[in-house]
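What follows is start.pdb (PDB, C-alpha atoms and all ligand atoms).
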ATOM      1  CA  MET A1157       0.000   0.000   0.000  1.00  0.00           C
ATOM      2  CA  TYR A1158       1.220   3.504  -0.668  1.00  0.00           C
ATOM      3  CA  GLN A1159       0.004   7.058  -0.176  1.00  0.00           C
ATOM      4  CA  LEU A1160       1.259  10.108  -2.064  1.00  0.00           C
ATOM      5  CA  ILE A1161       0.745  13.609  -0.698  1.00  0.00           C
ATOM      6  CA  HIS A1162       1.099  16.914  -2.520  1.00  0.00           C
ATOM      7  CA  ALA A1163       2.268  19.298   0.194  1.00  0.00           C
ATOM      8  CA  ASP A1164       5.023  21.240   1.857  1.00  0.00           C
ATOM      9  CA  CYS A1165       6.358  18.437   4.035  1.00  0.00           C
ATOM     10  CA  ILE A1166       6.785  20.707   7.046  1.00  0.00           C
ATOM     11  CA  GLN A1167       3.012  21.270   7.115  1.00  0.00           C
ATOM     12  CA  ALA A1168       2.238  17.614   6.376  1.00  0.00           C
ATOM     13  CA  LEU A1169       4.651  16.260   8.999  1.00  0.00           C
ATOM     14  CA  ARG A1170       3.232  18.569  11.674  1.00  0.00           C
ATOM     15  CA  ILE A1171      -0.130  16.790  11.551  1.00  0.00           C
ATOM     16  CA  MET A1172       1.324  13.286  11.723  1.00  0.00           C
ATOM     17  CA  PRO A1173       1.426  11.486  15.112  1.00  0.00           C
ATOM     18  CA  ASP A1174       4.663  10.774  16.987  1.00  0.00           C
ATOM     19  CA  LYS A1175       6.606   7.697  15.843  1.00  0.00           C
ATOM     20  CA  CYS A1176       3.912   6.696  13.365  1.00  0.00           C
ATOM     21  CA  VAL A1177       6.347   5.368  10.743  1.00  0.00           C
ATOM     22  CA  ASP A1178       9.279   3.038  11.158  1.00  0.00           C
ATOM     23  CA  CYS A1179      11.776   4.709   8.895  1.00  0.00           C
ATOM     24  CA  ILE A1180      12.215   7.909   6.919  1.00  0.00           C
ATOM     25  CA  VAL A1181      14.491   7.361   3.932  1.00  0.00           C
ATOM     26  CA  THR A1182      14.954  10.584   2.025  1.00  0.00           C
ATOM     27  CA  ASP A1183      17.155  12.531  -0.343  1.00  0.00           C
ATOM     28  CA  MET A1184      17.202  16.066   1.086  1.00  0.00           C
ATOM     29  CA  PRO A1185      18.157  18.982  -1.170  1.00  0.00           C
ATOM     30  CA  TYR A1186      21.952  19.425  -1.113  1.00  0.00           C
ATOM     31  CA  GLY A1187      21.953  23.239  -1.298  1.00  0.00           C
ATOM     32  CA  VAL A1188      23.823  23.387  -4.611  1.00  0.00           C
ATOM     33  CA  ARG A1189      21.059  25.073  -6.685  1.00  0.00           C
ATOM     34  CA  ILE A1190      20.864  22.122  -9.055  1.00  0.00           C
ATOM     35  CA  GLY A1191      19.292  23.252 -12.340  1.00  0.00           C
ATOM     36  CA  GLY A1192      18.821  26.728 -10.805  1.00  0.00           C
ATOM     37  CA  GLN A1193      16.067  25.359  -8.533  1.00  0.00           C
ATOM     38  CA  ASP A1194      15.098  27.556  -5.559  1.00  0.00           C
ATOM     39  CA  TRP A1195      14.280  24.481  -3.464  1.00  0.00           C
ATOM     40  CA  ASP A1196      17.969  23.555  -3.704  1.00  0.00           C
ATOM     41  CA  SER A1197      19.283  26.846  -2.322  1.00  0.00           C
ATOM     42  CA  PRO A1198      21.524  26.815   0.783  1.00  0.00           C
ATOM     43  CA  GLU A1199      18.933  29.032   2.501  1.00  0.00           C
ATOM     44  CA  ASN A1200      16.193  26.448   1.924  1.00  0.00           C
ATOM     45  CA  VAL A1201      18.406  23.650   3.216  1.00  0.00           C
ATOM     46  CA  ARG A1202      18.988  25.636   6.439  1.00  0.00           C
ATOM     47  CA  HIS A1203      15.224  26.239   6.669  1.00  0.00           C
ATOM     48  CA  LEU A1204      14.496  22.521   6.205  1.00  0.00           C
ATOM     49  CA  ILE A1205      17.083  21.473   8.791  1.00  0.00           C
ATOM     50  CA  GLU A1206      15.540  23.890  11.291  1.00  0.00           C
ATOM     51  CA  HIS A1207      11.867  23.122  10.626  1.00  0.00           C
ATOM     52  CA  ALA A1208      11.497  19.778   8.814  1.00  0.00           C
ATOM     53  CA  LEU A1209      14.226  17.658  10.451  1.00  0.00           C
ATOM     54  CA  PRO A1210      12.814  17.925  14.020  1.00  0.00           C
ATOM     55  CA  GLU A1211       9.395  16.869  12.687  1.00  0.00           C
ATOM     56  CA  MET A1212      10.974  13.975  10.777  1.00  0.00           C
ATOM     57  CA  ARG A1213      12.716  12.767  13.934  1.00  0.00           C
ATOM     58  CA  ARG A1214       9.448  13.086  15.866  1.00  0.00           C
ATOM     59  CA  VAL A1215       7.299  11.050  13.451  1.00  0.00           C
ATOM     60  CA  ALA A1216       9.838   8.293  12.622  1.00  0.00           C
ATOM     61  CA  GLN A1217      11.683   5.719  14.694  1.00  0.00           C
ATOM     62  CA  ARG A1218      14.690   6.190  12.413  1.00  0.00           C
ATOM     63  CA  THR A1219      15.526   9.015   9.984  1.00  0.00           C
ATOM     64  CA  VAL A1220      17.992   8.285   7.183  1.00  0.00           C
ATOM     65  CA  LEU A1221      19.012  11.026   4.766  1.00  0.00           C
ATOM     66  CA  THR A1222      21.529  11.865   2.098  1.00  0.00           C
ATOM     67  CA  SER A1223      22.870  15.323   2.867  1.00  0.00           C
ATOM     68  CA  GLY A1224      25.562  15.921   0.269  1.00  0.00           C
ATOM     69  CA  ILE A1225      29.090  16.630   1.440  1.00  0.00           C
ATOM     70  CA  ALA A1226      28.996  20.427   1.680  1.00  0.00           C
ATOM     71  CA  ALA A1227      25.700  20.528   3.601  1.00  0.00           C
ATOM     72  CA  MET A1228      26.507  17.698   6.019  1.00  0.00           C
ATOM     73  CA  TRP A1229      28.175  20.209   8.347  1.00  0.00           C
ATOM     74  CA  LEU A1230      24.881  22.096   8.715  1.00  0.00           C
ATOM     75  CA  TYR A1231      23.087  19.104  10.258  1.00  0.00           C
ATOM     76  CA  PRO A1232      22.969  18.202  13.946  1.00  0.00           C
ATOM     77  CA  GLU A1233      25.312  15.329  14.839  1.00  0.00           C
ATOM     78  CA  PRO A1234      23.787  12.059  13.575  1.00  0.00           C
ATOM     79  CA  THR A1235      23.519   8.929  15.714  1.00  0.00           C
ATOM     80  CA  TRP A1236      25.581   7.043  13.107  1.00  0.00           C
ATOM     81  CA  THR A1237      26.589   7.341   9.492  1.00  0.00           C
ATOM     82  CA  LEU A1238      26.739   5.266   6.340  1.00  0.00           C
ATOM     83  CA  ALA A1239      28.680   5.977   3.172  1.00  0.00           C
ATOM     84  CA  TRP A1240      27.314   5.842  -0.356  1.00  0.00           C
ATOM     85  CA  TYR A1241      30.333   4.726  -2.407  1.00  0.00           C
ATOM     86  CA  PHE A1242      29.942   5.047  -6.153  1.00  0.00           C
ATOM     87  CA  GLY A1243      33.350   4.200  -7.537  1.00  0.00           C
ATOM     88  CA  GLY A1244      36.102   6.156  -9.177  1.00  0.00           C
ATOM     89  CA  GLY A1245      35.772   7.047 -12.850  1.00  0.00           C
ATOM     90  CA  ALA A1246      36.651  10.630 -13.661  1.00  0.00           C
ATOM     91  CA  ARG A1247      35.909  11.735 -10.110  1.00  0.00           C
ATOM     92  CA  GLY A1248      38.550   9.394  -8.723  1.00  0.00           C
ATOM     93  CA  ARG A1249      41.110  10.359 -11.341  1.00  0.00           C
ATOM     94  CA  TRP A1250      40.799  14.035 -10.489  1.00  0.00           C
ATOM     95  CA  GLY A1251      40.854  13.464  -6.768  1.00  0.00           C
ATOM     96  CA  PHE A1252      37.297  14.498  -5.962  1.00  0.00           C
ATOM     97  CA  ASN A1253      35.138  12.586  -3.539  1.00  0.00           C
ATOM     98  CA  HIS A1254      33.555   9.440  -4.841  1.00  0.00           C
ATOM     99  CA  TRP A1255      31.427   8.842  -1.790  1.00  0.00           C
ATOM    100  CA  GLN A1256      28.644  10.776  -0.143  1.00  0.00           C
ATOM    101  CA  PRO A1257      27.489  10.775   3.480  1.00  0.00           C
ATOM    102  CA  ILE A1258      24.257   9.200   4.694  1.00  0.00           C
ATOM    103  CA  LEU A1259      23.225  10.577   8.084  1.00  0.00           C
ATOM    104  CA  VAL A1260      21.134   8.410  10.408  1.00  0.00           C
ATOM    105  CA  TYR A1261      19.174   9.555  13.463  1.00  0.00           C
ATOM    106  CA  GLY A1262      18.014   6.550  15.530  1.00  0.00           C
ATOM    107  CA  THR A1263      19.422   3.122  16.219  1.00  0.00           C
ATOM    108  CA  ASP A1264      20.950   0.663  13.764  1.00  0.00           C
ATOM    109  CA  PRO A1265      18.428  -2.189  13.346  1.00  0.00           C
ATOM    110  CA  LEU A1266      20.911  -4.906  12.342  1.00  0.00           C
ATOM    111  CA  PRO A1267      23.061  -5.601  15.446  1.00  0.00           C
ATOM    112  CA  SER A1268      19.995  -6.473  17.553  1.00  0.00           C
ATOM    113  CA  LEU A1269      18.914  -8.875  14.788  1.00  0.00           C
ATOM    114  CA  HIS A1270      22.426 -10.419  14.825  1.00  0.00           C
ATOM    115  CA  MET A1271      22.617  -9.717  11.105  1.00  0.00           C
ATOM    116  CA  HIS A1272      25.807  -8.975   9.207  1.00  0.00           C
ATOM    117  CA  HIS A1273      26.078  -5.278   8.504  1.00  0.00           C
ATOM    118  CA  THR A1274      28.227  -3.032   6.415  1.00  0.00           C
ATOM    119  CA  ASP A1275      28.358   0.740   6.571  1.00  0.00           C
ATOM    120  CA  VAL A1276      29.174   1.175   2.881  1.00  0.00           C
ATOM    121  CA  ILE A1277      26.428   1.150   0.263  1.00  0.00           C
ATOM    122  CA  ARG A1278      27.972   0.534  -3.164  1.00  0.00           C
ATOM    123  CA  SER A1279      26.114   1.720  -6.238  1.00  0.00           C
ATOM    124  CA  THR A1280      26.382   3.790  -9.381  1.00  0.00           C
ATOM    125  CA  SER A1281      26.636   7.579  -9.106  1.00  0.00           C
ATOM    126  CA  ASN A1282      23.797  10.030  -9.749  1.00  0.00           C
ATOM    127  CA  ALA A1283      25.341  10.770 -13.130  1.00  0.00           C
ATOM    128  CA  LEU A1284      24.783   7.191 -14.252  1.00  0.00           C
ATOM    129  CA  THR A1285      21.270   6.782 -12.872  1.00  0.00           C
ATOM    130  CA  ASP A1286      18.135   6.219 -14.918  1.00  0.00           C
ATOM    131  CA  ARG A1287      16.788   9.555 -16.101  1.00  0.00           C
ATOM    132  CA  THR A1288      13.404  10.729 -14.808  1.00  0.00           C
ATOM    133  CA  GLU A1289      11.564  14.040 -15.057  1.00  0.00           C
ATOM    134  CA  HIS A1290      13.577  15.184 -12.034  1.00  0.00           C
ATOM    135  CA  PRO A1291      16.940  17.048 -12.270  1.00  0.00           C
ATOM    136  CA  CYS A1292      18.632  14.817  -9.656  1.00  0.00           C
ATOM    137  CA  PRO A1293      17.016  11.409  -9.216  1.00  0.00           C
ATOM    138  CA  LYS A1294      18.830   8.898  -7.038  1.00  0.00           C
ATOM    139  CA  PRO A1295      19.780   5.551  -8.631  1.00  0.00           C
ATOM    140  CA  LEU A1296      17.132   2.921  -7.954  1.00  0.00           C
ATOM    141  CA  SER A1297      19.800   0.305  -7.114  1.00  0.00           C
ATOM    142  CA  PHE A1298      21.182   2.630  -4.429  1.00  0.00           C
ATOM    143  CA  MET A1299      17.769   3.218  -2.864  1.00  0.00           C
ATOM    144  CA  ARG A1300      16.999  -0.502  -2.798  1.00  0.00           C
ATOM    145  CA  LYS A1301      20.304  -1.269  -1.035  1.00  0.00           C
ATOM    146  CA  LEU A1302      19.859   1.602   1.396  1.00  0.00           C
ATOM    147  CA  ILE A1303      16.333   0.522   2.367  1.00  0.00           C
ATOM    148  CA  ASN A1304      17.508  -3.070   2.843  1.00  0.00           C
ATOM    149  CA  ARG A1305      20.279  -1.779   5.124  1.00  0.00           C
ATOM    150  CA  VAL A1306      18.199   0.535   7.329  1.00  0.00           C
ATOM    151  CA  ALA A1307      14.771  -1.163   7.239  1.00  0.00           C
ATOM    152  CA  PRO A1308      15.448  -4.905   7.019  1.00  0.00           C
ATOM    153  CA  SER A1309      11.865  -5.936   7.788  1.00  0.00           C
ATOM    154  CA  SER A1310       9.445  -5.549   4.887  1.00  0.00           C
ATOM    155  CA  ALA A1311       6.797  -4.823   7.546  1.00  0.00           C
ATOM    156  CA  ASP A1312       8.476  -1.454   8.133  1.00  0.00           C
ATOM    157  CA  VAL A1313       6.574   1.602   6.872  1.00  0.00           C
ATOM    158  CA  ILE A1314       8.839   3.931   4.859  1.00  0.00           C
ATOM    159  CA  LEU A1315       8.221   7.677   4.535  1.00  0.00           C
ATOM    160  CA  ASP A1316       9.966  10.007   2.066  1.00  0.00           C
ATOM    161  CA  PRO A1317       9.054  13.670   2.743  1.00  0.00           C
ATOM    162  CA  PHE A1318      11.253  14.907  -0.176  1.00  0.00           C
ATOM    163  CA  MET A1319      10.033  12.389  -2.707  1.00  0.00           C
ATOM    164  CA  GLY A1320      10.941  14.086  -5.997  1.00  0.00           C
ATOM    165  CA  SER A1321      10.246  11.639  -8.827  1.00  0.00           C
ATOM    166  CA  GLY A1322       9.682   8.796  -6.371  1.00  0.00           C
ATOM    167  CA  THR A1323      12.799   6.613  -6.492  1.00  0.00           C
ATOM    168  CA  THR A1324      12.513   5.794  -2.770  1.00  0.00           C
ATOM    169  CA  GLY A1325       8.877   4.833  -3.320  1.00  0.00           C
ATOM    170  CA  VAL A1326       9.637   2.546  -6.256  1.00  0.00           C
ATOM    171  CA  ALA A1327      12.392   0.819  -4.254  1.00  0.00           C
ATOM    172  CA  ALA A1328      10.239   0.557  -1.112  1.00  0.00           C
ATOM    173  CA  ILE A1329       7.245  -1.048  -2.754  1.00  0.00           C
ATOM    174  CA  GLN A1330       9.423  -3.358  -4.865  1.00  0.00           C
ATOM    175  CA  LEU A1331      10.794  -4.602  -1.536  1.00  0.00           C
ATOM    176  CA  GLY A1332       7.275  -5.064  -0.147  1.00  0.00           C
ATOM    177  CA  HIS A1333       7.139  -2.057   2.211  1.00  0.00           C
ATOM    178  CA  ARG A1334       4.240   0.270   2.783  1.00  0.00           C
ATOM    179  CA  PHE A1335       5.218   3.749   1.593  1.00  0.00           C
ATOM    180  CA  ILE A1336       4.180   7.360   2.195  1.00  0.00           C
ATOM    181  CA  GLY A1337       5.621  10.028  -0.101  1.00  0.00           C
ATOM    182  CA  ILE A1338       5.375  13.815   0.204  1.00  0.00           C
ATOM    183  CA  GLU A1339       6.404  16.244  -2.546  1.00  0.00           C
ATOM    184  CA  GLN A1340       5.727  19.956  -2.973  1.00  0.00           C
ATOM    185  CA  SER A1341       6.000  20.017  -6.777  1.00  0.00           C
ATOM    186  CA  GLY A1342       2.976  18.805  -8.721  1.00  0.00           C
ATOM    187  CA  ASP A1343       5.143  17.854 -11.711  1.00  0.00           C
ATOM    188  CA  TYR A1344       7.521  15.705  -9.663  1.00  0.00           C
ATOM    189  CA  LEU A1345       4.597  14.196  -7.763  1.00  0.00           C
ATOM    190  CA  ALA A1346       2.976  13.182 -11.070  1.00  0.00           C
ATOM    191  CA  ALA A1347       6.244  11.561 -12.179  1.00  0.00           C
ATOM    192  CA  ALA A1348       6.465   9.671  -8.873  1.00  0.00           C
ATOM    193  CA  GLN A1349       2.860   8.545  -9.169  1.00  0.00           C
ATOM    194  CA  ARG A1350       3.476   7.172 -12.664  1.00  0.00           C
ATOM    195  CA  ARG A1351       6.738   5.415 -11.758  1.00  0.00           C
ATOM    196  CA  ILE A1352       5.362   3.786  -8.612  1.00  0.00           C
ATOM    197  CA  ALA A1353       2.181   2.663 -10.380  1.00  0.00           C
ATOM    198  CA  GLU A1354       4.280   1.131 -13.185  1.00  0.00           C
ATOM    199  CA  ALA A1355       6.471  -0.665 -10.656  1.00  0.00           C
ATOM    200  CA  ARG A1356       3.554  -2.275  -8.763  1.00  0.00           C
ATOM    201  CA  PRO A1357       0.213  -1.795 -10.604  1.00  0.00           C
ATOM    202  CA  ASP A1358      -1.388  -4.247  -8.162  1.00  0.00           C
ATOM    203  CA  PHE A1359      -0.663  -2.158  -5.030  1.00  0.00           C
ATOM    204  CA  PRO A1360      -3.628  -0.347  -3.426  1.00  0.00           C
ATOM    205  CA  HIS A1361      -2.952   3.367  -3.007  1.00  0.00           C
ATOM    206  CA  THR A1362      -4.347   6.724  -2.011  1.00  0.00           C
ATOM    207  CA  LEU A1363      -3.555  10.005  -3.692  1.00  0.00           C
ATOM    208  CA  ASP A1364      -4.200  12.548  -0.973  1.00  0.00           C
ATOM    209  CA  LEU A1365      -3.342  15.522  -3.091  1.00  0.00           C
ATOM    210  CA  ASN A1366      -4.210  18.080  -0.401  1.00  0.00           C
ATOM    211  CA  ALA A1367      -2.695  16.367   2.635  1.00  0.00           C
ATOM    212  CA  LYS A1368      -5.987  16.813   4.475  1.00  0.00           C
ATOM    213  CA  ASP A1369      -6.324  13.240   5.577  1.00  0.00           C
ATOM    214  CA  ILE A1370      -2.961  11.615   6.077  1.00  0.00           C
ATOM    215  CA  SER A1371      -3.373   8.122   7.397  1.00  0.00           C
ATOM    216  CA  CYS A1372      -0.370   6.671   9.156  1.00  0.00           C
ATOM    217  CA  PRO A1373      -0.391   2.964   8.344  1.00  0.00           C
ATOM    218  CA  THR A1374       2.071   2.151  11.076  1.00  0.00           C
ATOM    219  CA  SER A1375       3.152  -1.433  11.487  1.00  0.00           C
ATOM    220  CA  ARG A1376       2.713  -1.084  15.246  1.00  0.00           C
ATOM    221  CA  THR A1377      -1.050  -0.393  15.341  1.00  0.00           C
TER     222      THR A1377
HETATM  223  C1  LIG B   1      16.913  15.920  -4.068  1.00  0.00           C
HETATM  224  S1  LIG B   1      15.278  15.983  -4.612  1.00  0.00           S
HETATM  225  C2  LIG B   1      14.695  14.308  -4.413  1.00  0.00           C
HETATM  226  C3  LIG B   1      14.907  13.473  -5.664  1.00  0.00           C
HETATM  227  C4  LIG B   1      14.429  12.047  -5.513  1.00  0.00           C
HETATM  228  N1  LIG B   1      15.289  11.288  -4.631  1.00  0.00           N
HETATM  229  C5  LIG B   1      14.326  11.324  -6.856  1.00  0.00           C
HETATM  230  O1  LIG B   1      14.944  10.266  -7.022  1.00  0.00           O
HETATM  231  O2  LIG B   1      13.624  11.832  -7.749  1.00  0.00           O
HETATM  232  C6  LIG B   1      14.485  16.837  -3.302  1.00  0.00           C
HETATM  233  C7  LIG B   1      13.008  17.116  -3.517  1.00  0.00           C
HETATM  234  O3  LIG B   1      12.499  17.762  -2.367  1.00  0.00           O
HETATM  235  C8  LIG B   1      11.435  18.593  -2.770  1.00  0.00           C
HETATM  236  N2  LIG B   1      11.203  19.563  -1.683  1.00  0.00           N
HETATM  237  C9  LIG B   1      12.008  20.601  -1.305  1.00  0.00           C
HETATM  238  N3  LIG B   1      11.461  21.249  -0.262  1.00  0.00           N
HETATM  239  C10 LIG B   1      10.303  20.590   0.045  1.00  0.00           C
HETATM  240  C11 LIG B   1       9.300  20.769   1.037  1.00  0.00           C
HETATM  241  N4  LIG B   1       9.357  21.771   1.936  1.00  0.00           N
HETATM  242  N5  LIG B   1       8.242  19.916   1.048  1.00  0.00           N
HETATM  243  C12 LIG B   1       8.157  18.912   0.142  1.00  0.00           C
HETATM  244  N6  LIG B   1       9.073  18.694  -0.837  1.00  0.00           N
HETATM  245  C13 LIG B   1      10.134  19.522  -0.870  1.00  0.00           C
HETATM  246  C14 LIG B   1      11.898  19.201  -4.080  1.00  0.00           C
HETATM  247  O4  LIG B   1      10.801  19.647  -4.866  1.00  0.00           O
HETATM  248  C15 LIG B   1      12.668  18.027  -4.698  1.00  0.00           C
HETATM  249  O5  LIG B   1      11.858  17.330  -5.618  1.00  0.00           O
END

Let me see the structure of the file written as structure tokens.
Amino acid sequence: MYQLIHADCIQALRIMPDKCVDCIVTDMPYGVRIGGQDWDSPENVRHLIEHALPEMRRVAQRTVLTSGIAAMWLYPEPTWTLAWYFGGGARGRWGFNHWQPILVYGTDPLPSLHMHHTDVIRSTSNALTDRTEHPCPKPLSFMRKLINRVAPSSADVILDPFMGSGTTGVAAIQLGHRFIGIEQSGDYLAAAQRRIAEARPDFPHTLDLNAKDISCPTSRT
């Protein structure tokens, strides 16, 4: 089951109950003005860290986000970190980073399950990802590996408050999770809706385009 919401996530998160989802997995804006987008300005990233991140940590047991390297210093200290490693290529040859930080607020689920765990998620880079209608989609293979790492039970409900074109949602429902996605842009939301429906046409869903009636299908009710 999945639910897509067209809203400013700060407003949408504020009306969600405490700890109503297991895991937020999200790709926050990096603050690099990708494609000249205002939502990717450093000022907006500071605004989101101040107003959205506390709400994310309130509604989710565990919050997992890609921050980008430059913006990672703006975030409060995470509980633990993962690395997204995407190989060398030209970046390696010229000495630039070929990994990006993944910040996690909340406990690591794997040690208590006595499961093997690695802190490095290997995948292709953004530059090599499948193109979508979004200027910076994450690779689907990366999102699938990340969700498997931070939400090992398919009973876990996954929320992405910065859904973009819905890569987290496609990965989550392919892995059998329930998913809630929030996106402020109608165009990106429509792309996410199409991609998720193509990935699992059989999944029941709700399109709550005004965020008036968010249901929290928590696995703990
Ligand atoms: C880095 S992109 C996510 C891309 C996504 N991972 C994908 O694969 O398509 C961040 C998204 O956050 C959205 N966004 C920024 N501020 C927002 C807010 N306050 N509420 C909801 N969405 C927001 C932007 O419109 C953008 O689509």

Please extract the residues at most 9 Å from ligand LIG 1 (chain B), counting only C-alpha atoms and all ligand atoms, and provide them as a PDB file with C-alpha atoms, in the frame of the given file, using the chain letters and residue numbers of this document.
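And here's pocket30.pdb as it stands now:
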ATOM      1  CA  HIS A1162       1.099  16.914  -2.520  1.00  0.00           C
ATOM      2  CA  ALA A1163       2.268  19.298   0.194  1.00  0.00           C
ATOM      3  CA  ASP A1164       5.023  21.240   1.857  1.00  0.00           C
ATOM      4  CA  CYS A1165       6.358  18.437   4.035  1.00  0.00           C
ATOM      5  CA  ILE A1166       6.785  20.707   7.046  1.00  0.00           C
ATOM      6  CA  GLN A1167       3.012  21.270   7.115  1.00  0.00           C
ATOM      7  CA  ALA A1168       2.238  17.614   6.376  1.00  0.00           C
ATOM      8  CA  THR A1182      14.954  10.584   2.025  1.00  0.00           C
ATOM      9  CA  ASP A1183      17.155  12.531  -0.343  1.00  0.00           C
ATOM     10  CA  MET A1184      17.202  16.066   1.086  1.00  0.00           C
ATOM     11  CA  PRO A1185      18.157  18.982  -1.170  1.00  0.00           C
ATOM     12  CA  TYR A1186      21.952  19.425  -1.113  1.00  0.00           C
ATOM     13  CA  ILE A1190      20.864  22.122  -9.055  1.00  0.00           C
ATOM     14  CA  GLN A1193      16.067  25.359  -8.533  1.00  0.00           C
ATOM     15  CA  ASP A1194      15.098  27.556  -5.559  1.00  0.00           C
ATOM     16  CA  TRP A1195      14.280  24.481  -3.464  1.00  0.00           C
ATOM     17  CA  ASP A1196      17.969  23.555  -3.704  1.00  0.00           C
ATOM     18  CA  ASN A1200      16.193  26.448   1.924  1.00  0.00           C
ATOM     19  CA  VAL A1201      18.406  23.650   3.216  1.00  0.00           C
ATOM     20  CA  HIS A1203      15.224  26.239   6.669  1.00  0.00           C
ATOM     21  CA  LEU A1204      14.496  22.521   6.205  1.00  0.00           C
ATOM     22  CA  ALA A1208      11.497  19.778   8.814  1.00  0.00           C
ATOM     23  CA  THR A1222      21.529  11.865   2.098  1.00  0.00           C
ATOM     24  CA  THR A1288      13.404  10.729 -14.808  1.00  0.00           C
ATOM     25  CA  GLU A1289      11.564  14.040 -15.057  1.00  0.00           C
ATOM     26  CA  HIS A1290      13.577  15.184 -12.034  1.00  0.00           C
ATOM     27  CA  PRO A1291      16.940  17.048 -12.270  1.00  0.00           C
ATOM     28  CA  CYS A1292      18.632  14.817  -9.656  1.00  0.00           C
ATOM     29  CA  PRO A1293      17.016  11.409  -9.216  1.00  0.00           C
ATOM     30  CA  LYS A1294      18.830   8.898  -7.038  1.00  0.00           C
ATOM     31  CA  PRO A1295      19.780   5.551  -8.631  1.00  0.00           C
ATOM     32  CA  LEU A1296      17.132   2.921  -7.954  1.00  0.00           C
ATOM     33  CA  MET A1299      17.769   3.218  -2.864  1.00  0.00           C
ATOM     34  CA  ASP A1316       9.966  10.007   2.066  1.00  0.00           C
ATOM     35  CA  PRO A1317       9.054  13.670   2.743  1.00  0.00           C
ATOM     36  CA  PHE A1318      11.253  14.907  -0.176  1.00  0.00           C
ATOM     37  CA  MET A1319      10.033  12.389  -2.707  1.00  0.00           C
ATOM     38  CA  GLY A1320      10.941  14.086  -5.997  1.00  0.00           C
ATOM     39  CA  SER A1321      10.246  11.639  -8.827  1.00  0.00           C
ATOM     40  CA  GLY A1322       9.682   8.796  -6.371  1.00  0.00           C
ATOM     41  CA  THR A1323      12.799   6.613  -6.492  1.00  0.00           C
ATOM     42  CA  THR A1324      12.513   5.794  -2.770  1.00  0.00           C
ATOM     43  CA  GLY A1325       8.877   4.833  -3.320  1.00  0.00           C
ATOM     44  CA  ILE A1338       5.375  13.815   0.204  1.00  0.00           C
ATOM     45  CA  GLU A1339       6.404  16.244  -2.546  1.00  0.00           C
ATOM     46  CA  GLN A1340       5.727  19.956  -2.973  1.00  0.00           C
ATOM     47  CA  SER A1341       6.000  20.017  -6.777  1.00  0.00           C
ATOM     48  CA  GLY A1342       2.976  18.805  -8.721  1.00  0.00           C
ATOM     49  CA  TYR A1344       7.521  15.705  -9.663  1.00  0.00           C
ATOM     50  CA  LEU A1345       4.597  14.196  -7.763  1.00  0.00           C
ATOM     51  CA  ALA A1347       6.244  11.561 -12.179  1.00  0.00           C
ATOM     52  CA  ALA A1348       6.465   9.671  -8.873  1.00  0.00           C
TER      53      ALA A1348
END

*asked:* Applying the PyMOL selection byres (((chain A and resi 1160) around 7) and not hetatm) to the file I just gave you, which residues come out? Please list them as a VMD selection string.
replied: chain A and resid 1158 to 1159 1161 to 1162 1336 to 1338 1362 to 1364

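Residues with any atom within 12 Å of Pro1232 (chain A), counting all atoms listed in the file and excluding same-chain neighbours fewer than 5 positions away, are Arg1202, Ile1205, Glu1206, Leu1209, Pro1210, Arg1213, Ser1223, Ala1227, Leu1259, Val1260 and Tyr1261 of chain A.
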
Keeping C-alpha atoms for every residue in the selection just given, could you write it to a file as a PDB file, in the coordinates of the input?
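Below you can see out.pdb, which holds the result:
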ATOM      1  CA  ARG A1202      18.988  25.636   6.439  1.00  0.00           C
ATOM      2  CA  ILE A1205      17.083  21.473   8.791  1.00  0.00           C
ATOM      3  CA  GLU A1206      15.540  23.890  11.291  1.00  0.00           C
ATOM      4  CA  LEU A1209      14.226  17.658  10.451  1.00  0.00           C
ATOM      5  CA  PRO A1210      12.814  17.925  14.020  1.00  0.00           C
ATOM      6  CA  ARG A1213      12.716  12.767  13.934  1.00  0.00           C
ATOM      7  CA  SER A1223      22.870  15.323   2.867  1.00  0.00           C
ATOM      8  CA  ALA A1227      25.700  20.528   3.601  1.00  0.00           C
ATOM      9  CA  LEU A1259      23.225  10.577   8.084  1.00  0.00           C
ATOM     10  CA  VAL A1260      21.134   8.410  10.408  1.00  0.00           C
ATOM     11  CA  TYR A1261      19.174   9.555  13.463  1.00  0.00           C
TER      12      TYR A1261
END

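Here the PyMOL selection byres (((chain A and resi 1359) around 9) and not hetatm) catches exactly these residues: Met1157, Tyr1158, Ile1329, Ala1353, Arg1356, Pro1357, Asp1358, Pro1360 and His1361 of chain A.
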
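The smallest atom-to-atom distance between Ile1258 (chain A) and any of A:His1270, A:Arg1305, A:Arg1287, A:Lys1175, using all atoms listed in the file, is found for A:Arg1305.
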
*Can you tell me, as a PyMOL selection string, what residues are no more than 8 Å from Met1212 (chain A) when counting only C-alpha atoms, ignoring any on the same chain fewer than 5 positions away?*
chain A and resi 1169+1180+1219

Selection export as a short mmCIF file (atom, residue, chain, number, x, y, z; two decimals), in the frame of the given file, atoms kept: C-alpha atoms:
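Okay, selection_20.cif is ready:
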data_model
loop_
_atom_site.label_atom_id
_atom_site.label_comp_id
_atom_site.auth_asym_id
_atom_site.auth_seq_id
_atom_site.Cartn_x
_atom_site.Cartn_y
_atom_site.Cartn_z
CA LEU A 1169 4.65 16.26 9.00
CA ILE A 1180 12.22 7.91 6.92
CA THR A 1219 15.53 9.02 9.98
#

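Counting from CA of Thr1280 (chain A), the distance to CA of Cys1179 (chain A) is 23.4 Å.
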
*Please write the residues picked by the PyMOL selection byres (((chain A and resi 1308) around 12) and not hetatm) on this file as a ChimeraX atom specification.*
/A:1178-1179,1264-1273,1300-1307,1309-1314,1328,1331-1333

Build an axis-aligned box that encloses every atom of region 1221-1235 of chain A listed in the file, pad it by 3 Å on each side, and report its centre and edge lengths in Å to one decimal, as lines of an AutoDock Vina configuration file.
center_x = 24.1
center_y = 15.5
center_z = 8.0
size_x = 16.1
size_y = 19.2
size_z = 21.4
